[in-house]
Amino acid sequence: MPRLVDHELRRRQITSAVRRLIVRGGLDAVTFQSVAVEAGFSVSLVQYYCGTKKDLLLATHRSVMENVGTRFAQRWTALGEVMPREAIHAVLTELLPLDEQRREETIVLGAFGTGSVTGQGITPEETLTASNLLVSILADQLRRAPQLEPPVNRIELVAELIAAAIAGIAQGMIQGHGTAELALELVDQQLDLVLGKRN
């Protein structure tokens, strides 16, 4: 009897191989040949699951976003009912490269961000869904904040500013600028500026 193939497992193995390659060498390091070697599969098998290089890259981007989304959902459930400041703090710290998994995600997403504007075959529109969702989550929490009643004008703009700042802090950590302690202090400082100092 032929052995059943776990197609989802194969896809995860392939996208995990792509992620490791991107961490070591950026998007340029990703070819069907390099992915096949990294994953331990044949080139034809990688092509079977991913079609084109663009499909391969977008599948990898989705896999990162799914991992982040799953972690967000677990953290959100564990938090229960909390004040907006605590909710925003939890979201922002999940985006910092404070462990190996989040470090990898930060590098990979940074590579996609750069690739989307440097002719790597990925358009900004194909990678902006996560950023837009983050801004939406932050804006929803800001609207709940009693310190901002009546609601501040253009809350989405404030949310955009917070999202941009956390992206900069995360990339700075990857480049060796600052420690985890400094990054967490910067998050608290940013929330103090937006929501006022903690009691």
# chains A, B, ... in the order shown; residues from 1 in each chain; ligands from 1
>>> select_by_dssp(residues="range 114-167 of chain A", states="helix (DSSP H, G or I)", output="number ranges by chain")
A: 114-115, 124-126, 129-144, 146-148, 155-167
>>> residues_around(residues="range 36-51 of chain A", least_positions_apart="5", cutoff="9 Å", atoms="only C-alpha atoms", output="NGL selection string")
:A and (7 or 10-11 or 13-18 or 20-21 or 31 or 56-57 or 59)
>>> write_last_selection(atoms="C-alpha atoms", output="PDB file, in the first residue's frame")
ATOM      1  CA  HIS A   7       1.286  17.678   1.799  1.00  0.00           C
ATOM      2  CA  ARG A  10       5.953  19.138   2.947  1.00  0.00           C
ATOM      3  CA  ARG A  11       4.924  22.747   2.347  1.00  0.00           C
ATOM      4  CA  GLN A  13       9.361  21.970   5.344  1.00  0.00           C
ATOM      5  CA  ILE A  14       9.879  23.892   2.109  1.00  0.00           C
ATOM      6  CA  THR A  15       8.894  27.287   3.522  1.00  0.00           C
ATOM      7  CA  SER A  16      11.029  26.647   6.621  1.00  0.00           C
ATOM      8  CA  ALA A  17      13.986  25.981   4.320  1.00  0.00           C
ATOM      9  CA  VAL A  18      13.290  29.248   2.480  1.00  0.00           C
ATOM     10  CA  ARG A  20      16.562  29.751   6.818  1.00  0.00           C
ATOM     11  CA  LEU A  21      18.056  30.729   3.465  1.00  0.00           C
ATOM     12  CA  THR A  31      16.536  29.508  -5.768  1.00  0.00           C
ATOM     13  CA  LEU A  56       7.622  30.104  -3.313  1.00  0.00           C
ATOM     14  CA  LEU A  57       8.399  33.487  -1.764  1.00  0.00           C
ATOM     15  CA  ALA A  59       4.075  31.020   0.418  1.00  0.00           C
TER      16      ALA A  59
END
>>> closest_atom_pairs(of="range 153-176 of chain A", to="range 121-142 of chain A", cutoff="12 Å", atoms="only C-alpha atoms", output="Markdown table")
| residue | atom | partner | partner_atom | distance |
| --- | --- | --- | --- | --- |
| A:Asn153 | CA | A:Leu142 | CA | 11.4 |
| A:Arg154 | CA | A:Ala139 | CA | 9.5 |
| A:Ile155 | CA | A:Ala139 | CA | 6.0 |
| A:Glu156 | CA | A:Ala139 | CA | 5.5 |
| A:Leu157 | CA | A:Ala139 | CA | 8.6 |
| A:Val158 | CA | A:Ala139 | CA | 7.7 |
| A:Ala159 | CA | A:Ala139 | CA | 5.3 |
| A:Glu160 | CA | A:Val135 | CA | 5.7 |
| A:Leu161 | CA | A:Val135 | CA | 8.9 |
| A:Ile162 | CA | A:Leu138 | CA | 8.1 |
| A:Ala163 | CA | A:Val135 | CA | 6.4 |
| A:Ala164 | CA | A:Ser131 | CA | 9.2 |
| A:Ala165 | CA | A:Val135 | CA | 11.7 |
| A:Ile166 | CA | A:Leu134 | CA | 10.8 |
| A:Ala167 | CA | A:Ser131 | CA | 9.7 |
>>> write_last_selection(atoms="all heavy atoms", output="CSV table (one decimal), in the first residue's frame")
chain,number,residue,atom,x,y,z
A,153,ASN,N,-8.1,63.2,17.2
A,153,ASN,CA,-8.3,63.3,15.8
A,153,ASN,C,-7.3,62.3,15.1
A,153,ASN,O,-6.1,62.2,15.5
A,153,ASN,CB,-8.0,64.7,15.2
A,153,ASN,CG,-9.1,65.6,15.7
A,153,ASN,OD1,-10.2,65.2,15.9
A,153,ASN,ND2,-8.8,66.9,15.8
A,154,ARG,N,-7.7,61.6,14.1
A,154,ARG,CA,-6.9,60.8,13.2
A,154,ARG,C,-6.1,59.7,14.0
A,154,ARG,O,-4.9,59.6,14.0
A,154,ARG,CB,-5.9,61.7,12.5
A,154,ARG,CG,-6.6,62.8,11.6
A,154,ARG,CD,-5.6,63.7,11.0
A,154,ARG,NE,-5.0,63.0,9.8
A,154,ARG,CZ,-4.0,63.5,9.1
A,154,ARG,NH1,-3.6,64.8,9.4
A,154,ARG,NH2,-3.5,62.9,8.1
A,155,ILE,N,-6.9,58.9,14.7
A,155,ILE,CA,-6.3,57.8,15.5
A,155,ILE,C,-5.5,56.9,14.6
A,155,ILE,O,-4.5,56.3,15.1
A,155,ILE,CB,-7.4,57.1,16.3
A,155,ILE,CG1,-7.6,57.8,17.6
A,155,ILE,CG2,-7.0,55.6,16.5
A,155,ILE,CD1,-8.6,57.1,18.5
A,156,GLU,N,-5.9,56.7,13.4
A,156,GLU,CA,-5.2,55.8,12.5
A,156,GLU,C,-3.8,56.3,12.3
A,156,GLU,O,-2.8,55.5,12.2
A,156,GLU,CB,-5.9,55.6,11.2
A,156,GLU,CG,-7.1,54.7,11.2
A,156,GLU,CD,-8.4,55.4,11.8
A,156,GLU,OE1,-8.3,56.6,12.0
A,156,GLU,OE2,-9.4,54.7,12.0
A,157,LEU,N,-3.6,57.6,12.3
A,157,LEU,CA,-2.3,58.2,12.1
A,157,LEU,C,-1.4,57.9,13.3
A,157,LEU,O,-0.2,57.5,13.1
A,157,LEU,CB,-2.4,59.7,11.9
A,157,LEU,CG,-1.1,60.4,11.4
A,157,LEU,CD1,-0.6,59.9,10.1
A,157,LEU,CD2,-1.3,61.9,11.4
A,158,VAL,N,-1.9,57.9,14.5
A,158,VAL,CA,-1.2,57.6,15.7
A,158,VAL,C,-0.8,56.1,15.6
A,158,VAL,O,0.3,55.7,15.9
A,158,VAL,CB,-2.0,57.9,16.9
A,158,VAL,CG1,-1.2,57.4,18.2
A,158,VAL,CG2,-2.3,59.4,17.0
A,159,ALA,N,-1.8,55.2,15.2
A,159,ALA,CA,-1.5,53.8,15.1
A,159,ALA,C,-0.4,53.5,14.1
A,159,ALA,O,0.5,52.7,14.3
A,159,ALA,CB,-2.8,53.1,14.7
A,160,GLU,N,-0.4,54.3,13.0
A,160,GLU,CA,0.6,54.1,11.9
A,160,GLU,C,2.0,54.5,12.5
A,160,GLU,O,3.0,53.8,12.3
A,160,GLU,CB,0.3,55.1,10.7
A,160,GLU,CG,-0.9,54.6,9.9
A,160,GLU,CD,-0.5,53.7,8.8
A,160,GLU,OE1,0.6,53.1,8.8
A,160,GLU,OE2,-1.4,53.4,8.0
A,161,LEU,N,2.0,55.6,13.3
A,161,LEU,CA,3.3,56.0,13.9
A,161,LEU,C,3.8,54.9,14.9
A,161,LEU,O,5.0,54.6,14.9
A,161,LEU,CB,3.0,57.3,14.7
A,161,LEU,CG,4.2,58.0,15.3
A,161,LEU,CD1,5.3,58.3,14.3
A,161,LEU,CD2,3.8,59.2,16.1
A,162,ILE,N,2.9,54.4,15.7
A,162,ILE,CA,3.3,53.3,16.6
A,162,ILE,C,3.9,52.1,15.9
A,162,ILE,O,4.9,51.5,16.2
A,162,ILE,CB,2.2,52.9,17.5
A,162,ILE,CG1,1.8,54.0,18.5
A,162,ILE,CG2,2.5,51.7,18.4
A,162,ILE,CD1,0.5,53.8,19.2
A,163,ALA,N,3.2,51.7,14.8
A,163,ALA,CA,3.6,50.5,14.0
A,163,ALA,C,4.9,50.8,13.3
A,163,ALA,O,5.8,49.9,13.3
A,163,ALA,CB,2.5,50.2,12.9
A,164,ALA,N,5.1,52.0,12.8
A,164,ALA,CA,6.4,52.4,12.2
A,164,ALA,C,7.5,52.3,13.2
A,164,ALA,O,8.7,51.9,13.0
A,164,ALA,CB,6.3,53.7,11.5
A,165,ALA,N,7.3,52.8,14.4
A,165,ALA,CA,8.3,52.9,15.5
A,165,ALA,C,8.7,51.5,15.9
A,165,ALA,O,9.9,51.2,16.0
A,165,ALA,CB,7.8,53.7,16.7
A,166,ILE,N,7.7,50.6,16.0
A,166,ILE,CA,8.1,49.2,16.5
A,166,ILE,C,8.9,48.5,15.4
A,166,ILE,O,9.8,47.7,15.7
A,166,ILE,CB,6.8,48.4,16.9
A,166,ILE,CG1,7.2,47.2,17.8
A,166,ILE,CG2,6.0,47.9,15.8
A,166,ILE,CD1,7.8,47.6,19.1
A,167,ALA,N,8.5,48.7,14.1
A,167,ALA,CA,9.3,48.1,13.0
A,167,ALA,C,10.7,48.6,13.1
A,167,ALA,O,11.7,47.8,12.9
A,167,ALA,CB,8.6,48.5,11.7
>>> residues_around(residues="Arg71 in chain A", least_positions_apart="2", cutoff="12 Å", atoms="only C-alpha atoms", output="list in words")
Val64, Met65, Glu66, Asn67, Val68, Gly69, Ala73, Gln74, Arg75, Trp76, Thr77, Ala78, Ala90, Val91, Thr93, Glu94, Leu95, Gln101 and Arg102 of chain A
>>> write_last_selection(atoms="C-alpha atoms", output="mmCIF file, in the first residue's frame")
data_model
loop_
_atom_site.group_PDB
_atom_site.id
_atom_site.type_symbol
_atom_site.label_atom_id
_atom_site.label_comp_id
_atom_site.auth_asym_id
_atom_site.auth_seq_id
_atom_site.Cartn_x
_atom_site.Cartn_y
_atom_site.Cartn_z
ATOM 1 C CA VAL A 64 5.571 33.703 8.656
ATOM 2 C CA MET A 65 2.373 35.726 8.970
ATOM 3 C CA GLU A 66 0.413 32.615 9.978
ATOM 4 C CA ASN A 67 2.958 31.871 12.712
ATOM 5 C CA VAL A 68 2.791 35.435 13.991
ATOM 6 C CA GLY A 69 -1.020 35.384 13.821
ATOM 7 C CA ALA A 73 -4.143 34.793 19.049
ATOM 8 C CA GLN A 74 -2.660 32.690 21.858
ATOM 9 C CA ARG A 75 -1.297 35.772 23.628
ATOM 10 C CA TRP A 76 -4.606 37.598 23.179
ATOM 11 C CA THR A 77 -6.562 34.682 24.668
ATOM 12 C CA ALA A 78 -4.166 34.433 27.592
ATOM 13 C CA ALA A 90 1.455 42.769 24.367
ATOM 14 C CA VAL A 91 1.042 43.258 20.617
ATOM 15 C CA THR A 93 6.406 43.018 22.332
ATOM 16 C CA GLU A 94 5.319 40.078 20.172
ATOM 17 C CA LEU A 95 6.868 41.955 17.231
ATOM 18 C CA GLN A 101 11.836 32.524 16.349
ATOM 19 C CA ARG A 102 10.945 36.221 16.428
#
>>> residues_around(residues="range 105-112 of chain A", least_positions_apart="2", cutoff="7 Å", atoms="only C-alpha atoms", output="ChimeraX atom specification")
/A:19,22-23,26-27,64,97,101-103,114-116,170
>>> write_last_selection(atoms="C-alpha atoms", output="compact mmCIF listing (two decimals), in the first residue's frame")
# COMPACT_ATOMS: atom_id res chain seq x y z
CA ARG A 19 13.18 31.13 5.77
CA ILE A 22 16.66 34.25 3.73
CA VAL A 23 18.10 34.64 7.23
CA GLY A 26 18.40 37.45 1.89
CA LEU A 27 15.93 36.88 -0.94
CA VAL A 64 5.57 33.70 8.66
CA PRO A 97 13.02 39.84 18.13
CA GLN A 101 11.84 32.52 16.35
CA ARG A 102 10.94 36.22 16.43
CA ARG A 103 14.47 37.13 15.32
CA THR A 114 13.26 45.51 1.05
CA GLY A 115 12.58 43.09 -1.80
CA SER A 116 9.20 44.64 -2.49
CA ALA A 170 12.87 45.59 15.77
>>> decode(residues="range 55-110 of chain A", atoms="C-alpha atoms", output="PDB file, in the first residue's frame")
ATOM      1  CA  ASP A  55       4.856  31.545  -5.479  1.00  0.00           C
ATOM      2  CA  LEU A  56       7.622  30.104  -3.313  1.00  0.00           C
ATOM      3  CA  LEU A  57       8.399  33.487  -1.764  1.00  0.00           C
ATOM      4  CA  LEU A  58       4.761  34.418  -1.182  1.00  0.00           C
ATOM      5  CA  ALA A  59       4.075  31.020   0.418  1.00  0.00           C
ATOM      6  CA  THR A  60       6.979  31.686   2.762  1.00  0.00           C
ATOM      7  CA  HIS A  61       5.694  35.165   3.589  1.00  0.00           C
ATOM      8  CA  ARG A  62       2.261  33.680   4.361  1.00  0.00           C
ATOM      9  CA  SER A  63       3.837  31.032   6.587  1.00  0.00           C
ATOM     10  CA  VAL A  64       5.571  33.703   8.656  1.00  0.00           C
ATOM     11  CA  MET A  65       2.373  35.726   8.970  1.00  0.00           C
ATOM     12  CA  GLU A  66       0.413  32.615   9.978  1.00  0.00           C
ATOM     13  CA  ASN A  67       2.958  31.871  12.712  1.00  0.00           C
ATOM     14  CA  VAL A  68       2.791  35.435  13.991  1.00  0.00           C
ATOM     15  CA  GLY A  69      -1.020  35.384  13.821  1.00  0.00           C
ATOM     16  CA  THR A  70      -1.216  32.136  15.778  1.00  0.00           C
ATOM     17  CA  ARG A  71       1.099  33.518  18.447  1.00  0.00           C
ATOM     18  CA  PHE A  72      -0.913  36.752  18.618  1.00  0.00           C
ATOM     19  CA  ALA A  73      -4.143  34.793  19.049  1.00  0.00           C
ATOM     20  CA  GLN A  74      -2.660  32.690  21.858  1.00  0.00           C
ATOM     21  CA  ARG A  75      -1.297  35.772  23.628  1.00  0.00           C
ATOM     22  CA  TRP A  76      -4.606  37.598  23.179  1.00  0.00           C
ATOM     23  CA  THR A  77      -6.562  34.682  24.668  1.00  0.00           C
ATOM     24  CA  ALA A  78      -4.166  34.433  27.592  1.00  0.00           C
ATOM     25  CA  LEU A  79      -4.518  38.162  28.310  1.00  0.00           C
ATOM     26  CA  GLY A  80      -8.288  38.075  28.695  1.00  0.00           C
ATOM     27  CA  GLU A  81      -9.937  41.434  29.358  1.00  0.00           C
ATOM     28  CA  VAL A  82      -7.208  44.040  29.778  1.00  0.00           C
ATOM     29  CA  MET A  83      -6.879  47.768  29.406  1.00  0.00           C
ATOM     30  CA  PRO A  84      -5.808  49.136  26.016  1.00  0.00           C
ATOM     31  CA  ARG A  85      -2.288  49.941  27.203  1.00  0.00           C
ATOM     32  CA  GLU A  86      -1.646  46.337  28.257  1.00  0.00           C
ATOM     33  CA  ALA A  87      -3.164  45.031  25.015  1.00  0.00           C
ATOM     34  CA  ILE A  88      -1.004  47.339  22.871  1.00  0.00           C
ATOM     35  CA  HIS A  89       2.087  46.490  24.925  1.00  0.00           C
ATOM     36  CA  ALA A  90       1.455  42.769  24.367  1.00  0.00           C
ATOM     37  CA  VAL A  91       1.042  43.258  20.617  1.00  0.00           C
ATOM     38  CA  LEU A  92       4.197  45.339  20.297  1.00  0.00           C
ATOM     39  CA  THR A  93       6.406  43.018  22.332  1.00  0.00           C
ATOM     40  CA  GLU A  94       5.319  40.078  20.172  1.00  0.00           C
ATOM     41  CA  LEU A  95       6.868  41.955  17.231  1.00  0.00           C
ATOM     42  CA  LEU A  96      10.267  42.388  18.863  1.00  0.00           C
ATOM     43  CA  PRO A  97      13.024  39.845  18.134  1.00  0.00           C
ATOM     44  CA  LEU A  98      13.270  38.729  21.756  1.00  0.00           C
ATOM     45  CA  ASP A  99      13.882  35.060  20.938  1.00  0.00           C
ATOM     46  CA  GLU A 100      15.219  33.040  18.014  1.00  0.00           C
ATOM     47  CA  GLN A 101      11.836  32.524  16.349  1.00  0.00           C
ATOM     48  CA  ARG A 102      10.945  36.221  16.428  1.00  0.00           C
ATOM     49  CA  ARG A 103      14.466  37.129  15.323  1.00  0.00           C
ATOM     50  CA  GLU A 104      14.041  34.929  12.249  1.00  0.00           C
ATOM     51  CA  GLU A 105      10.623  36.417  11.527  1.00  0.00           C
ATOM     52  CA  THR A 106      11.991  39.962  11.808  1.00  0.00           C
ATOM     53  CA  ILE A 107      14.827  39.225   9.382  1.00  0.00           C
ATOM     54  CA  VAL A 108      12.550  37.468   6.894  1.00  0.00           C
ATOM     55  CA  LEU A 109       9.876  40.166   6.949  1.00  0.00           C
ATOM     56  CA  GLY A 110      12.554  42.852   6.658  1.00  0.00           C
TER      57      GLY A 110
END
